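For reference, input28.txt (compact mmCIF, C-alpha atoms and all ligand atoms):
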```txt
# COMPACT_ATOMS: atom_id res chain seq x y z
CA MET T 1 12.02 -13.54 50.37
CA ARG T 2 12.68 -16.65 48.32
CA ASP T 3 12.83 -20.00 50.09
CA PHE T 4 16.23 -21.57 49.39
CA SER T 5 15.81 -24.49 51.80
CA GLN T 6 14.50 -26.91 49.18
CA GLY T 7 16.96 -26.39 46.36
CA HIS T 8 19.85 -24.47 44.92
CA GLU T 9 18.52 -23.21 41.62
CA TRP T 10 19.61 -19.65 42.53
CA LEU T 11 23.14 -20.57 43.57
CA SER T 12 26.03 -19.30 41.50
CA ILE T 13 29.68 -20.16 42.05
CA ASN T 14 32.28 -17.46 41.61
CA THR T 15 35.12 -19.49 40.16
CA ALA T 16 37.78 -17.88 42.39
CA THR T 17 36.22 -19.95 45.19
CA VAL T 18 37.82 -23.10 43.76
CA ARG T 19 40.60 -21.57 41.65
CA ARG T 20 43.35 -23.82 43.03
CA GLN T 21 41.44 -27.09 42.60
CA GLY T 22 41.24 -27.16 38.81
CA ASP T 23 41.06 -25.17 35.62
CA LEU T 24 37.90 -23.45 34.47
CA VAL T 25 36.73 -26.43 32.42
CA ALA T 26 37.09 -28.74 35.43
CA ILE T 27 35.23 -26.23 37.59
CA PHE T 28 32.37 -25.90 35.08
CA GLU T 29 32.10 -29.70 34.79
CA ALA T 30 31.94 -30.00 38.58
CA CYS T 31 29.20 -27.35 38.71
CA GLY T 32 27.30 -29.36 36.08
CA ARG T 33 27.63 -32.53 38.20
CA HIS T 34 26.23 -30.72 41.24
CA GLY T 35 23.25 -29.21 39.42
CA ILE T 36 24.63 -25.70 39.83
CA ARG T 37 23.20 -23.48 37.09
CA ALA T 38 25.36 -20.38 37.22
CA VAL T 39 28.97 -19.32 37.50
CA SER T 40 30.96 -16.12 37.56
CA PRO T 41 34.39 -16.66 36.05
CA TRP T 42 37.55 -14.58 36.43
CA ARG T 43 39.49 -13.27 33.46
CA ASP T 44 42.75 -14.99 34.33
CA GLN T 45 40.97 -18.34 34.59
CA VAL T 46 39.34 -17.77 31.21
CA ALA T 47 42.68 -16.75 29.68
CA SER T 48 44.42 -19.88 30.92
CA VAL T 49 42.00 -22.23 29.11
CA GLY T 50 41.31 -19.85 26.21
CA LEU T 51 38.17 -17.80 25.58
CA GLU T 52 36.68 -20.14 22.95
CA ARG T 53 37.12 -23.20 25.15
CA ALA T 54 35.58 -21.36 28.10
CA ILE T 55 32.54 -20.36 25.99
CA ARG T 56 32.12 -23.98 24.88
CA ALA T 57 32.42 -25.30 28.45
CA VAL T 58 29.71 -22.88 29.62
CA LYS T 59 27.34 -24.29 26.99
CA ASP T 60 28.39 -27.94 27.39
CA ASN T 61 27.59 -27.84 31.09
CA GLY T 62 24.27 -26.03 30.74
CA LEU T 63 25.53 -23.00 32.64
CA VAL T 64 24.76 -19.30 32.53
CA LEU T 65 26.88 -16.49 33.94
CA SER T 66 25.86 -14.33 36.90
CA GLY T 67 28.69 -11.91 36.17
CA TYR T 68 32.21 -11.66 34.80
CA CYS T 69 35.16 -10.74 37.03
CA ARG T 70 36.55 -8.26 36.56
CA GLY T 71 37.29 -4.93 34.99
CA GLY T 72 38.40 -1.70 36.62
CA MET T 73 41.73 -0.85 38.26
CA PHE T 74 41.26 2.60 36.74
CA PRO T 75 43.85 4.82 38.47
CA ALA T 76 47.01 4.87 36.39
CA ASP T 77 49.75 7.36 35.58
CA ALA T 78 49.93 8.86 32.08
CA ALA T 79 52.21 6.10 30.81
CA HIS T 80 49.76 3.39 31.81
CA SER T 81 46.39 4.96 31.03
CA ALA T 82 46.08 3.79 27.41
CA GLY T 83 46.91 0.23 28.49
CA MET T 84 44.33 0.48 31.27
CA ARG T 85 41.68 1.57 28.81
CA ASP T 86 42.48 -1.21 26.31
CA ASP T 87 42.48 -3.79 29.07
CA ASN T 88 39.02 -2.69 30.22
CA CYS T 89 37.61 -2.69 26.70
CA ARG T 90 38.90 -6.27 26.29
CA ALA T 91 37.17 -7.21 29.55
CA VAL T 92 33.89 -5.86 28.13
CA ASP T 93 34.45 -7.83 24.90
CA GLU T 94 35.09 -11.05 26.81
CA ALA T 95 32.03 -10.52 29.01
CA LYS T 96 29.97 -10.09 25.85
CA ALA T 97 31.42 -13.21 24.21
CA LEU T 98 30.70 -15.28 27.31
CA GLY T 99 27.13 -14.00 27.59
CA ALA T 100 27.63 -12.35 30.98
CA PRO T 101 24.79 -10.20 32.33
CA CYS T 102 27.32 -7.65 33.63
CA LEU T 103 31.01 -6.90 33.96
CA VAL T 104 31.94 -6.54 37.63
CA LEU T 105 34.28 -3.61 38.32
CA VAL T 106 36.78 -3.31 41.14
CA VAL T 107 37.79 0.29 40.58
CA GLY T 108 41.36 0.29 41.95
CA GLY T 109 43.15 2.32 44.60
CA LEU T 110 46.32 4.35 44.30
CA PRO T 111 47.86 4.16 40.80
CA GLN T 112 51.01 2.25 41.82
CA PHE T 113 48.86 -0.63 43.07
CA SER T 114 46.02 -0.32 40.59
CA ARG T 115 48.33 -0.37 37.56
CA PRO T 116 51.77 -1.56 38.74
CA GLY T 117 54.62 0.47 37.31
CA SER T 118 52.66 3.71 37.65
CA ALA T 119 54.35 6.51 39.59
CA ALA T 120 53.63 6.32 43.33
CA SER T 121 51.03 8.66 44.76
CA LYS T 122 49.34 9.23 48.11
CA ASP T 123 46.48 11.20 46.58
CA ILE T 124 43.38 9.08 47.08
CA PHE T 125 41.22 12.05 46.14
CA ALA T 126 42.88 12.21 42.73
CA ALA T 127 42.49 8.43 42.42
CA ARG T 128 38.75 8.81 42.97
CA GLU T 129 38.59 11.48 40.29
CA GLN T 130 40.43 9.18 37.90
CA VAL T 131 37.97 6.41 38.68
CA GLU T 132 35.03 8.61 37.78
CA ALA T 133 36.58 9.84 34.53
CA ALA T 134 37.69 6.37 33.39
CA LEU T 135 34.35 4.87 34.36
CA ALA T 136 32.50 7.48 32.32
CA ASP T 137 34.71 6.61 29.37
CA LEU T 138 34.26 2.84 29.73
CA LEU T 139 30.52 3.32 30.14
CA GLU T 140 30.35 4.65 26.59
CA TYR T 141 32.15 1.64 25.17
CA ALA T 142 30.23 -0.89 27.27
CA GLY T 143 26.95 0.87 26.50
CA SER T 144 27.62 0.57 22.76
CA LEU T 145 27.87 -3.21 23.22
CA GLY T 146 24.96 -3.43 25.65
CA MET T 147 27.12 -4.69 28.52
CA PRO T 148 26.05 -3.35 31.94
CA LEU T 149 28.83 -2.35 34.36
CA ALA T 150 28.52 -3.38 38.01
CA LEU T 151 30.51 -1.31 40.51
CA GLU T 152 31.53 -3.36 43.51
CA PRO T 153 32.33 -1.26 46.59
CA LEU T 154 35.09 -2.92 48.62
CA HIS T 155 35.69 -2.90 52.37
CA PRO T 156 37.85 0.13 53.35
CA MET T 157 40.80 -2.12 54.25
CA TYR T 158 41.37 -2.31 50.47
CA ALA T 159 41.25 1.47 49.84
CA ALA T 160 44.95 1.76 48.98
CA ASP T 161 45.44 -1.20 46.70
CA ARG T 162 42.14 -2.46 45.31
CA SER T 163 39.30 0.01 45.55
CA CYS T 164 38.94 3.62 46.64
CA VAL T 165 35.17 3.15 46.37
CA ASN T 166 34.43 1.70 49.79
CA THR T 167 30.76 2.14 50.56
CA LEU T 168 27.52 1.48 48.80
CA SER T 169 26.71 5.16 49.20
CA GLN T 170 29.86 6.14 47.25
CA ALA T 171 29.06 3.63 44.48
CA LEU T 172 25.47 4.84 44.18
CA ASP T 173 26.59 8.48 44.09
CA LEU T 174 28.76 7.55 41.09
CA CYS T 175 25.78 5.84 39.46
CA ASP T 176 23.65 8.93 40.06
CA ARG T 177 26.23 11.21 38.48
CA LEU T 178 27.15 9.02 35.49
CA ASP T 179 23.78 7.46 34.76
CA PRO T 180 21.15 9.78 36.25
CA HIS T 181 18.34 8.31 34.19
CA ARG T 182 18.91 4.77 35.49
CA SER T 183 19.36 3.32 32.04
CA GLY T 184 20.41 -0.06 33.41
CA ARG T 185 23.90 0.39 31.93
CA LEU T 186 25.48 1.10 35.31
CA GLY T 187 24.73 -0.44 38.68
CA VAL T 188 26.30 -2.18 41.64
CA ALA T 189 27.50 -5.61 42.63
CA LEU T 190 26.63 -5.89 46.29
CA ASP T 191 28.97 -8.16 48.25
CA GLY T 192 27.96 -8.82 51.84
CA TYR T 193 31.60 -9.26 52.86
CA HIS T 194 32.38 -5.68 51.92
CA VAL T 195 29.30 -3.87 53.20
CA TRP T 196 27.93 -5.77 56.23
CA TRP T 197 29.71 -3.47 58.76
CA ASP T 198 28.33 -0.22 57.27
CA PRO T 199 25.76 1.43 59.59
CA ASP T 200 24.20 2.98 56.50
CA VAL T 201 23.91 -0.25 54.50
CA MET T 202 20.17 -0.86 54.89
CA ALA T 203 19.28 2.72 53.92
CA GLN T 204 21.60 2.46 50.92
CA ILE T 205 20.17 -0.89 49.81
CA ALA T 206 16.75 0.76 49.88
CA ARG T 207 18.20 3.42 47.57
CA ILE T 208 19.59 1.01 44.94
CA GLY T 209 16.43 0.10 43.05
CA ARG T 210 15.97 -3.01 40.95
CA GLU T 211 17.57 -1.70 37.76
CA ARG T 212 20.85 -0.96 39.54
CA LEU T 213 21.15 -4.17 41.51
CA LEU T 214 23.19 -6.25 39.08
CA ALA T 215 24.80 -8.88 41.31
CA PHE T 216 24.73 -10.15 44.90
CA HIS T 217 27.78 -11.91 46.39
CA VAL T 218 28.02 -13.84 49.65
CA CYS T 219 30.61 -15.39 51.95
CA ASP T 220 31.27 -14.74 55.65
CA TRP T 221 33.43 -12.54 57.89
CA LEU T 222 35.62 -14.62 60.17
CA VAL T 223 36.71 -13.45 63.64
CA PRO T 224 39.62 -13.28 63.77
CA THR T 225 40.41 -12.71 60.11
CA GLY T 226 43.94 -13.98 59.51
CA ASP T 227 44.60 -12.48 56.09
CA LEU T 228 43.15 -9.32 54.56
CA LEU T 229 42.54 -10.95 51.19
CA ASN T 230 42.48 -14.72 51.44
CA ASP T 231 40.68 -15.56 54.68
CA ARG T 232 37.05 -15.20 53.76
CA GLY T 233 34.67 -17.61 55.45
CA MET T 234 32.14 -20.11 54.16
CA MET T 235 28.61 -18.83 54.73
CA GLY T 236 27.56 -19.68 58.26
CA ASP T 237 31.10 -19.79 59.68
CA GLY T 238 31.31 -16.07 60.54
CA VAL T 239 29.32 -13.11 61.80
CA ILE T 240 27.41 -11.73 58.80
CA ASP T 241 23.63 -11.93 59.03
CA ILE T 242 23.35 -13.02 55.40
CA PRO T 243 19.57 -13.68 55.32
CA ARG T 244 18.96 -10.15 56.57
CA LEU T 245 20.99 -8.69 53.70
CA ARG T 246 19.33 -11.02 51.19
CA ALA T 247 15.87 -10.04 52.47
CA ALA T 248 16.78 -6.38 51.96
CA VAL T 249 18.00 -6.85 48.38
CA GLU T 250 15.02 -9.03 47.50
CA ALA T 251 12.71 -6.36 48.92
CA GLN T 252 14.18 -4.16 46.16
CA GLY T 253 12.98 -6.68 43.60
CA PHE T 254 16.22 -8.62 43.16
CA GLY T 255 15.43 -12.13 41.94
CA GLY T 256 18.76 -13.20 40.49
CA PHE T 257 21.53 -15.57 41.45
CA VAL T 258 23.23 -15.46 44.82
CA GLU T 259 26.91 -15.81 44.05
CA VAL T 260 29.31 -17.52 46.45
CA GLU T 261 32.70 -15.82 46.32
CA ILE T 262 35.25 -17.11 48.83
CA PHE T 263 38.97 -16.37 48.66
CA SER T 264 40.35 -18.71 51.28
CA GLU T 265 43.65 -20.51 51.75
CA ARG T 266 41.67 -22.98 53.86
CA TRP T 267 38.93 -23.75 51.30
CA TRP T 268 41.44 -23.87 48.43
CA GLN T 269 42.90 -26.99 50.14
CA VAL T 270 39.54 -28.81 50.12
CA PRO T 271 38.58 -31.06 47.16
CA LEU T 272 36.43 -29.35 44.52
CA ASP T 273 33.36 -31.56 44.96
CA GLU T 274 33.46 -31.11 48.73
CA VAL T 275 33.60 -27.31 48.44
CA LEU T 276 30.64 -27.28 46.04
CA ALA T 277 28.63 -29.68 48.24
CA THR T 278 29.29 -27.40 51.22
CA CYS T 279 28.26 -24.30 49.24
CA ILE T 280 25.00 -26.04 48.30
CA GLU T 281 24.28 -27.09 51.88
CA ARG T 282 25.03 -23.62 53.30
CA HIS T 283 23.09 -21.95 50.51
CA ARG T 284 20.05 -23.91 51.68
CA SER T 285 20.58 -23.48 55.41
CA VAL T 286 22.18 -20.10 56.15
CA VAL T 287 21.84 -17.86 53.08
ZN ZN U 301 32.37 -9.83 45.38
```
If you took the structure in this file and wrote it as structure tokens, what would it be?
Ligand code: ZN
Amino acid sequence: MRDFSQGHEWLSINTATVRRQGDLVAIFEACGRHGIRAVSPWRDQVASVGLERAIRAVKDNGLVLSGYCRGGMFPADAAHSAGMRDDNCRAVDEAKALGAPCLVLVVGGLPQFSRPGSAASKDIFAAREQVEAALADLLEYAGSLGMPLALEPLHPMYAADRSCVNTLSQALDLCDRLDPHRSGRLGVALDGYHVWWDPDVMAQIARIGRERLLAFHVCDWLVPTGDLLNDRGMMGDGVIDIPRLRAAVEAQGFGGFVEVEIFSERWWQVPLDEVLATCIERHRSVV
């Protein structure tokens, strides 16, 4: 397992972590100031400064991407499926233009939440079938551009509205069915926040294999958690044994960036430089 105590060369900042403190250019400049080498931007943050300006700011600050967030939200009714497909193809195009190593996918839950305006449904089984069909379709487009797709299983508390793929096992089963030859075009983004509770997580990590491990995200699980979406903890402030998860993914051969992704009303109130300094310190001490 890599020793992070002496530096933060493998730290990446997911830009949602500081989304309220400044625009993407300000965030990239701050990362540059702190000697952070990698970032993972969100589409809405890119859109608000413009794609060309975002590309320039990546270069100007000596950054690389550890991922691009995000595509997916596949379940849709018939009236919204063409728009869903176009939207995902654009996400692939943007990821390519920004030089991302993968497009992270949050697959969506029931269609009315995944693609608002879609007819309401309670059929999560049908939603999962839609996910698989739409993912197979997007895989062809992304494959033609050489952009790997990273499925991120989400904690089951998000099954209705954000992701009906809730375990690493489910995500890897999809990979096995859609990319049986492990071409590297389809893999997973493993986020400790979403999988730490799963009794099967270590066995499933052992099943991933290097070519399917496309991204590794960290933050912490707070007890109590006050908000289902926006109360993630800074690493070290909660109950996840992060080094144990990191040791397991590195035992699979993962040697990439460890991406800090914190959605937190509390941390969004803290000045940008202070958040980044804290991420660096925790990356060295508890990740
Ligand atoms: Zn994540």
- Excluding same-chain residues fewer than 6 positions from Arg37 in chain T, what lies within 12 Å of it counting all atoms listed in the file, as a list of chain:residue names?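 Within the cut-off, the hits are T:Gly7, T:His8, T:Glu9, T:Trp10, T:Leu11, T:Ser12, T:Ile13, T:Asn14, T:Phe28, T:Glu29, T:Ala30, T:Cys31, T:Val58, T:Lys59, T:Asp60, T:Asn61, T:Gly62, T:Leu63, T:Val64, T:Leu65, T:Ser66, T:Gly256, T:Phe257, T:Val258, T:Glu259, T:Ile280.
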- Using all atoms listed in the file, which residues sit within 12 Å of range 236-253 of chain T once same-chain residues fewer than 3 positions away are excluded, as JSON, numbers by chain? {"T": [1, 2, 3, 4, 5, 188, 189, 190, 191, 192, 193, 194, 195, 196, 197, 198, 201, 202, 203, 204, 205, 206, 207, 208, 209, 210, 211, 212, 213, 214, 215, 216, 217, 218, 219, 220, 221, 222, 223, 224, 225, 231, 232, 233, 256, 257, 258, 259, 260, 262, 278, 279, 281, 282, 283, 284, 285, 286, 287]}
- Message: Using Å and a single decimal, report how far CA of Ile55 in chain T sits from CA of Val275 in chain T.
- Response: 23.5 Å
- Query: Which value, in Å to one decimal, gives the distance between CA of Pro41 in chain T and CA of Asp227 in chain T?
  - Reply: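 Computing the Euclidean distance for CA of Pro41 in chain T and CA of Asp227 in chain T yields 22.9 Å.
With CA of Arg115 in chain T on one side and CA of Asn166 in chain T on the other, the separation reads 18.6 Å.
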- Task: Between T:Cys102, T:Arg90, T:Asp77, T:Ala38, single out the one closest to Ala119 in chain T, counting only C-alpha atoms.
- Result: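 Checking each candidate against Ala119 in chain T, we get T:Asp77 as the closest.
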- Residues at most 12 Å from Arg19 in chain T, counting all atoms listed in the file, excluding those fewer than 4 positions away in the same chain, as an MDAnalysis selection string? chainID T and resid 13:15 23:28 40:46 48 261:265 267:272 275
- From T:Cys164, T:Leu103, T:Leu174, T:Leu276, residue lying nearest ligand ZN 301 (chain U) [all atoms listed in the file]: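 Smallest distance to ligand ZN 301 (chain U) is found for T:Leu103.
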- Item | Among listed residues T:Ala133, T:Ala150, T:Ala142, T:Ala100, nearest ligand ZN 301 (chain U) (using all atoms listed in the file) |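 For ligand ZN 301 (chain U), the nearest of the candidates is T:Ala150.
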- Query: Restricting the calculation to all atoms listed in the file, which member of T:Asp86, T:Glu152, T:Asp173, T:Asp200 is positioned closest to ligand ZN 301 (chain U)?
  - Reply: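 Closest to ligand ZN 301 (chain U) of all the choices is T:Glu152.
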- Counting only C-alpha atoms and all ligand atoms, which of T:Ser121, T:Thr17, T:Gln6, T:Asn88 gets nearest to ligand ZN 301 (chain U)?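 Using only C-alpha atoms and all ligand atoms, ligand ZN 301 (chain U) sits closest to T:Thr17.
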- Message: Using all atoms listed in the file, can you tell me which of T:Ala16, T:Ala82, T:Gly108, T:Ile124 comes closest to ligand ZN 301 (chain U)?
- Response: T:Ala16
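Residues within 12 Å of Ser144 in chain T, counting all atoms listed in the file and excluding same-chain residues fewer than 3 positions away, are Cys89, Val92, Asp93, Lys96, Asp137, Leu138, Leu139, Glu140, Tyr141, Met147, Pro148 and Arg185 of chain T.
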For the selection you just gave me, I'd like the residues written to a file as a PDB file, in the coordinates of the input, keeping C-alpha atoms.
```pdb
ATOM      1  CA  CYS T  89      37.610  -2.690  26.700  1.00  0.00           C
ATOM      2  CA  VAL T  92      33.890  -5.860  28.130  1.00  0.00           C
ATOM      3  CA  ASP T  93      34.450  -7.830  24.900  1.00  0.00           C
ATOM      4  CA  LYS T  96      29.970 -10.090  25.850  1.00  0.00           C
ATOM      5  CA  ASP T 137      34.710   6.610  29.370  1.00  0.00           C
ATOM      6  CA  LEU T 138      34.260   2.840  29.730  1.00  0.00           C
ATOM      7  CA  LEU T 139      30.520   3.320  30.140  1.00  0.00           C
ATOM      8  CA  GLU T 140      30.350   4.650  26.590  1.00  0.00           C
ATOM      9  CA  TYR T 141      32.150   1.640  25.170  1.00  0.00           C
ATOM     10  CA  MET T 147      27.120  -4.690  28.520  1.00  0.00           C
ATOM     11  CA  PRO T 148      26.050  -3.350  31.940  1.00  0.00           C
ATOM     12  CA  ARG T 185      23.900   0.390  31.930  1.00  0.00           C
TER      13      ARG T 185
END
```
Find the residues near Gly109 in chain T: any atom within 9 Å, counting only C-alpha atoms, skip ones fewer than 6 places away on the same chain, and give them as a PDB file with C-alpha atoms, in the frame of the given file.
```pdb
ATOM      1  CA  MET T  73      41.730  -0.850  38.260  1.00  0.00           C
ATOM      2  CA  PHE T  74      41.260   2.600  36.740  1.00  0.00           C
ATOM      3  CA  PRO T  75      43.850   4.820  38.470  1.00  0.00           C
ATOM      4  CA  ILE T 124      43.380   9.080  47.080  1.00  0.00           C
ATOM      5  CA  ALA T 127      42.490   8.430  42.420  1.00  0.00           C
ATOM      6  CA  ARG T 128      38.750   8.810  42.970  1.00  0.00           C
ATOM      7  CA  VAL T 131      37.970   6.410  38.680  1.00  0.00           C
ATOM      8  CA  TYR T 158      41.370  -2.310  50.470  1.00  0.00           C
ATOM      9  CA  ALA T 159      41.250   1.470  49.840  1.00  0.00           C
ATOM     10  CA  ALA T 160      44.950   1.760  48.980  1.00  0.00           C
ATOM     11  CA  ASP T 161      45.440  -1.200  46.700  1.00  0.00           C
ATOM     12  CA  ARG T 162      42.140  -2.460  45.310  1.00  0.00           C
ATOM     13  CA  SER T 163      39.300   0.010  45.550  1.00  0.00           C
ATOM     14  CA  CYS T 164      38.940   3.620  46.640  1.00  0.00           C
ATOM     15  CA  VAL T 165      35.170   3.150  46.370  1.00  0.00           C
TER      16      VAL T 165
END
```
Output range 115-125 of chain T as a short mmCIF file (atom, residue, chain, number, x, y, z; two decimals), in the frame of the given file, making sure all heavy atoms are there.
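For reference, selection36.cif as written:
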```
data_model
loop_
_atom_site.label_atom_id
_atom_site.label_comp_id
_atom_site.auth_asym_id
_atom_site.auth_seq_id
_atom_site.Cartn_x
_atom_site.Cartn_y
_atom_site.Cartn_z
N ARG T 115 47.62 -0.03 38.80
CA ARG T 115 48.33 -0.37 37.56
C ARG T 115 49.82 -0.36 37.87
O ARG T 115 50.49 0.69 37.77
CB ARG T 115 48.00 0.63 36.44
CG ARG T 115 46.56 0.56 35.98
CD ARG T 115 46.27 -0.68 35.13
NE ARG T 115 44.85 -0.97 35.07
CZ ARG T 115 44.33 -1.97 34.34
NH1 ARG T 115 45.11 -2.74 33.61
NH2 ARG T 115 43.04 -2.19 34.35
N PRO T 116 50.38 -1.50 38.30
CA PRO T 116 51.77 -1.56 38.74
C PRO T 116 52.71 -0.98 37.69
O PRO T 116 52.55 -1.20 36.49
CB PRO T 116 52.01 -3.05 38.96
CG PRO T 116 50.66 -3.59 39.32
CD PRO T 116 49.68 -2.79 38.48
N GLY T 117 53.71 -0.24 38.21
CA GLY T 117 54.62 0.47 37.31
C GLY T 117 54.29 1.95 37.25
O GLY T 117 55.13 2.77 36.88
N SER T 118 53.04 2.30 37.61
CA SER T 118 52.66 3.71 37.65
C SER T 118 53.42 4.43 38.76
O SER T 118 53.78 3.81 39.78
CB SER T 118 51.15 3.86 37.94
OG SER T 118 50.38 3.41 36.84
N ALA T 119 53.66 5.72 38.57
CA ALA T 119 54.35 6.51 39.59
C ALA T 119 53.55 6.50 40.89
O ALA T 119 52.32 6.59 40.89
CB ALA T 119 54.53 7.94 39.08
N ALA T 120 54.28 6.40 42.02
CA ALA T 120 53.63 6.32 43.33
C ALA T 120 52.95 7.63 43.69
O ALA T 120 53.43 8.72 43.37
CB ALA T 120 54.66 5.95 44.39
N SER T 121 51.80 7.50 44.33
CA SER T 121 51.03 8.66 44.76
C SER T 121 50.36 8.35 46.09
O SER T 121 50.08 7.19 46.40
CB SER T 121 49.95 8.96 43.70
OG SER T 121 48.97 9.83 44.21
N LYS T 122 50.12 9.40 46.88
CA LYS T 122 49.34 9.23 48.11
C LYS T 122 47.99 9.93 47.98
O LYS T 122 47.26 10.08 48.95
CB LYS T 122 50.10 9.84 49.30
CG LYS T 122 51.38 9.09 49.65
CD LYS T 122 52.04 9.71 50.89
CE LYS T 122 53.32 8.95 51.22
NZ LYS T 122 54.01 9.55 52.39
N ASP T 123 47.68 10.38 46.77
CA ASP T 123 46.48 11.20 46.58
C ASP T 123 45.25 10.36 46.24
O ASP T 123 44.93 10.12 45.07
CB ASP T 123 46.75 12.22 45.47
CG ASP T 123 45.71 13.33 45.45
OD1 ASP T 123 44.64 13.15 46.07
OD2 ASP T 123 45.97 14.36 44.81
N ILE T 124 44.57 9.91 47.29
CA ILE T 124 43.38 9.08 47.08
C ILE T 124 42.24 9.89 46.48
O ILE T 124 41.37 9.34 45.78
CB ILE T 124 42.96 8.38 48.40
CG1 ILE T 124 41.99 7.22 48.11
CG2 ILE T 124 42.36 9.38 49.39
CD1 ILE T 124 41.71 6.33 49.30
N PHE T 125 42.27 11.20 46.72
CA PHE T 125 41.22 12.05 46.14
C PHE T 125 41.36 12.11 44.62
O PHE T 125 40.39 12.00 43.88
CB PHE T 125 41.27 13.46 46.76
CG PHE T 125 41.17 13.43 48.26
CD1 PHE T 125 42.31 13.45 49.06
CD2 PHE T 125 39.93 13.32 48.88
CE1 PHE T 125 42.22 13.39 50.44
CE2 PHE T 125 39.83 13.26 50.26
CZ PHE T 125 40.98 13.29 51.04
#
```
